[in-house]
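Undergrad: If you scroll down you'll find the structure; I have some questions about it.
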Amino acid sequence: LLNSRKMACSDAKREEAFITDHSKHTHLKVFTFPPTPHVYNVSPFTIKLESFLRLHEIPYDPIHGMKFGPKRMIPYIQLPSGEEIGDSNVIIRRLKKIYEVDKDVHLEPADKAVAHAFTRMLEEHTAQIGFHYRYGLNMNTFYDVLSIPHAFYNANNCEEGRSKAEFWLKIQPDVTMKKTKYRGLGVHSDEELWSFSNDDLKAISDYLSDKPWFFGSEPTTMDCVLFGHLVQFLYIPMDFPQKTFLHNNCANLVRFVERFKVDYWPDWEEKCKPLYHNEAGEEGLTVPSQEKV
């Protein structure tokens, strides 16, 4: 047991700590964080990207680990040619050209302008306020409810993994608070920030209205963006102010998330299972009830 623990910790010294074996993979590779309970991935940008791949039926292999890629971002991809690309928006543009697929092709220029504006709002404003809540103010709770030490660092079985988990827990709140300040959001009270993000969600809800998908009867990339971000608020078992607002004022968005999950993530529960096993051979822990991170 001691030898196996040392081996696990030795492997952890690599930047790809606890990365899954990808020697057998032949498809497009998506590099991202290890899976977590409830929400599958803590990166909304990963869920957005994988949703895009599922929507367009592009085969891919998720490679779970802690190694950041081009532009110091997660997720990033590796094409069958070996080329690596970072940033989910850049990736999606490239994939549309490489695989000659585009569910947005039927959209009018005005629709594409709306999608662009809503995407920027979600990614550069709404999500950042969500990160402020979960990383800046409630990092301990975030760690506990998603079993981050074990899910990310195999901390149950590896002393070095435990050290890394403790280090991230210690530094991330300050990092996030500085980012909030540099974005110009730090001058506002938390209550004002929650109100700003709720205004974003209400605007999305009003635009979706009673349509099944953002632009009508067929899903587009915008639906992938929306799903990736909304699940962070709705599925992580934390008391996000945005979660309460969604349930009380945006029931159509809650239904949208469930509809998208049923249609494009029928394996959602399976995907949320932990990557690692504890020393007794059981999966994960008992859980209580960032590309840009």
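Residues are referred to by chain and number: the chain letter is A, B, ... according to the order shown in the structure tokens, the number counts from 1 in that chain, and ligands are numbered separately from 1 in the order shown.
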Can you tell me, as a list in words, which residues in segment 38-285 of chain A count as strand (DSSP E or B) by DSSP?

TA: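 Taking segment 38-285 of chain A and keeping strand (DSSP E or B) only, one gets Tyr40, Tyr60, Asp61, Pro62, Ile63, His64, Tyr76, Ile77, Gln78, Glu84, Ile85, Gly86, Trp213, Gly216, His277 and Glu283 of chain A.
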
Undergrad: Could the residues in this selection be saved with N, CA and C atoms as a PDB file, in the first residue's frame?

TA:
ATOM      1  N   TYR A  40     -20.716  17.576 -13.391  1.00  0.00           N
ATOM      2  CA  TYR A  40     -19.764  16.972 -14.314  1.00  0.00           C
ATOM      3  C   TYR A  40     -18.472  17.768 -14.408  1.00  0.00           C
ATOM      4  N   TYR A  60     -15.335  12.632 -30.082  1.00  0.00           N
ATOM      5  CA  TYR A  60     -14.239  13.219 -29.307  1.00  0.00           C
ATOM      6  C   TYR A  60     -13.967  12.364 -28.088  1.00  0.00           C
ATOM      7  N   ASP A  61     -12.780  12.527 -27.535  1.00  0.00           N
ATOM      8  CA  ASP A  61     -12.392  11.830 -26.313  1.00  0.00           C
ATOM      9  C   ASP A  61     -12.044  12.873 -25.257  1.00  0.00           C
ATOM     10  N   PRO A  62     -12.739  12.868 -24.119  1.00  0.00           N
ATOM     11  CA  PRO A  62     -12.361  13.777 -23.027  1.00  0.00           C
ATOM     12  C   PRO A  62     -11.141  13.242 -22.297  1.00  0.00           C
ATOM     13  N   ILE A  63     -10.156  14.102 -22.101  1.00  0.00           N
ATOM     14  CA  ILE A  63      -8.943  13.759 -21.371  1.00  0.00           C
ATOM     15  C   ILE A  63      -8.940  14.579 -20.091  1.00  0.00           C
ATOM     16  N   HIS A  64      -9.128  13.907 -18.972  1.00  0.00           N
ATOM     17  CA  HIS A  64      -9.299  14.604 -17.700  1.00  0.00           C
ATOM     18  C   HIS A  64      -7.977  14.744 -16.960  1.00  0.00           C
ATOM     19  N   TYR A  76      -8.889  22.846 -23.632  1.00  0.00           N
ATOM     20  CA  TYR A  76      -8.227  23.007 -24.916  1.00  0.00           C
ATOM     21  C   TYR A  76      -8.357  21.694 -25.656  1.00  0.00           C
ATOM     22  N   ILE A  77      -8.095  21.714 -26.942  1.00  0.00           N
ATOM     23  CA  ILE A  77      -8.248  20.498 -27.734  1.00  0.00           C
ATOM     24  C   ILE A  77      -6.944  20.146 -28.424  1.00  0.00           C
ATOM     25  N   GLN A  78      -6.864  18.900 -28.807  1.00  0.00           N
ATOM     26  CA  GLN A  78      -5.787  18.444 -29.685  1.00  0.00           C
ATOM     27  C   GLN A  78      -6.439  17.776 -30.885  1.00  0.00           C
ATOM     28  N   GLU A  84      -2.704  21.788 -31.082  1.00  0.00           N
ATOM     29  CA  GLU A  84      -3.464  22.127 -29.889  1.00  0.00           C
ATOM     30  C   GLU A  84      -4.034  23.532 -30.011  1.00  0.00           C
ATOM     31  N   ILE A  85      -5.285  23.692 -29.558  1.00  0.00           N
ATOM     32  CA  ILE A  85      -5.979  24.977 -29.663  1.00  0.00           C
ATOM     33  C   ILE A  85      -6.640  25.274 -28.328  1.00  0.00           C
ATOM     34  N   GLY A  86      -6.486  26.492 -27.832  1.00  0.00           N
ATOM     35  CA  GLY A  86      -7.107  26.907 -26.584  1.00  0.00           C
ATOM     36  C   GLY A  86      -8.185  27.946 -26.804  1.00  0.00           C
ATOM     37  N   TRP A 213     -35.886  26.236 -28.067  1.00  0.00           N
ATOM     38  CA  TRP A 213     -34.469  26.565 -28.162  1.00  0.00           C
ATOM     39  C   TRP A 213     -34.314  28.064 -28.365  1.00  0.00           C
ATOM     40  N   GLY A 216     -35.510  29.232 -31.698  1.00  0.00           N
ATOM     41  CA  GLY A 216     -36.705  28.630 -32.285  1.00  0.00           C
ATOM     42  C   GLY A 216     -36.772  27.127 -32.128  1.00  0.00           C
ATOM     43  N   HIS A 277     -10.563   6.134  -7.378  1.00  0.00           N
ATOM     44  CA  HIS A 277     -11.081   5.206  -6.388  1.00  0.00           C
ATOM     45  C   HIS A 277     -10.316   5.407  -5.086  1.00  0.00           C
ATOM     46  N   GLU A 283     -15.721   4.056  -5.272  1.00  0.00           N
ATOM     47  CA  GLU A 283     -15.601   5.277  -6.047  1.00  0.00           C
ATOM     48  C   GLU A 283     -15.858   6.493  -5.177  1.00  0.00           C
TER      49      GLU A 283
END

Undergrad: Could you state the separation of atom CA of Pro241 of chain A and atom CA of Asp190 of chain A in Å, given to one decimal place?

TA: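 Going from atom CA of Pro241 of chain A over to atom CA of Asp190 of chain A, I get 10.2 Å.
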
Undergrad: Would you give me, as a ChimeraX atom specification, the residues in segment 20-147 of chain A that DSSP reads as alpha helix (DSSP H)?

TA: /A:44-55,88-99,109-121,127-131,139-145

Undergrad: Residues of segment 154-229 of chain A that approach segment 119-129 of chain A to 12 Å or less, counting only C-alpha atoms: could you list each one with the shortest pair of atoms and its distance in Å to one decimal, rows by chain and increasing residue number, as CSV?

TA:
residue,atom,partner,partner_atom,distance
A:Thr176,CA,A:Gln128,CA,9.1
A:Met177,CA,A:Ile129,CA,10.4
A:Lys178,CA,A:Gln128,CA,11.9
A:Lys179,CA,A:Gln128,CA,8.8
A:Thr180,CA,A:Gln128,CA,7.5
A:Lys181,CA,A:Gln128,CA,11.1
A:Tyr182,CA,A:Gln128,CA,11.6
A:Arg183,CA,A:Gln128,CA,9.1
A:Gly184,CA,A:His125,CA,10.6
A:Leu185,CA,A:Ile129,CA,8.3
A:Gly186,CA,A:Ile129,CA,10.1
A:His188,CA,A:Ile129,CA,11.1
A:Ser189,CA,A:Ile129,CA,11.4
A:Asp190,CA,A:Ile129,CA,9.1
A:Glu191,CA,A:Ile129,CA,10.9
A:Glu192,CA,A:Ile129,CA,10.4
A:Leu193,CA,A:Ile129,CA,6.6
A:Trp194,CA,A:Ile129,CA,7.4
A:Ser195,CA,A:Ile129,CA,10.1
A:Phe196,CA,A:Thr126,CA,7.9
A:Ser197,CA,A:Thr126,CA,5.0
A:Asn198,CA,A:Thr126,CA,8.2
A:Asp199,CA,A:Thr126,CA,9.2
A:Asp200,CA,A:Thr126,CA,6.7
A:Leu201,CA,A:Thr126,CA,8.0
A:Lys202,CA,A:Thr126,CA,11.4
A:Ala203,CA,A:Met121,CA,10.4
A:Ile204,CA,A:Leu122,CA,9.5
A:Phe214,CA,A:Thr119,CA,12.0
A:Thr221,CA,A:Thr119,CA,9.8
A:Met222,CA,A:Thr119,CA,7.2
A:Asp223,CA,A:Thr119,CA,10.0
A:Cys224,CA,A:Thr119,CA,10.2
A:Val225,CA,A:Thr119,CA,6.8
A:Leu226,CA,A:Leu122,CA,7.9
A:Phe227,CA,A:Leu122,CA,10.9
A:Gly228,CA,A:Leu122,CA,10.1
A:His229,CA,A:Ala127,CA,6.9
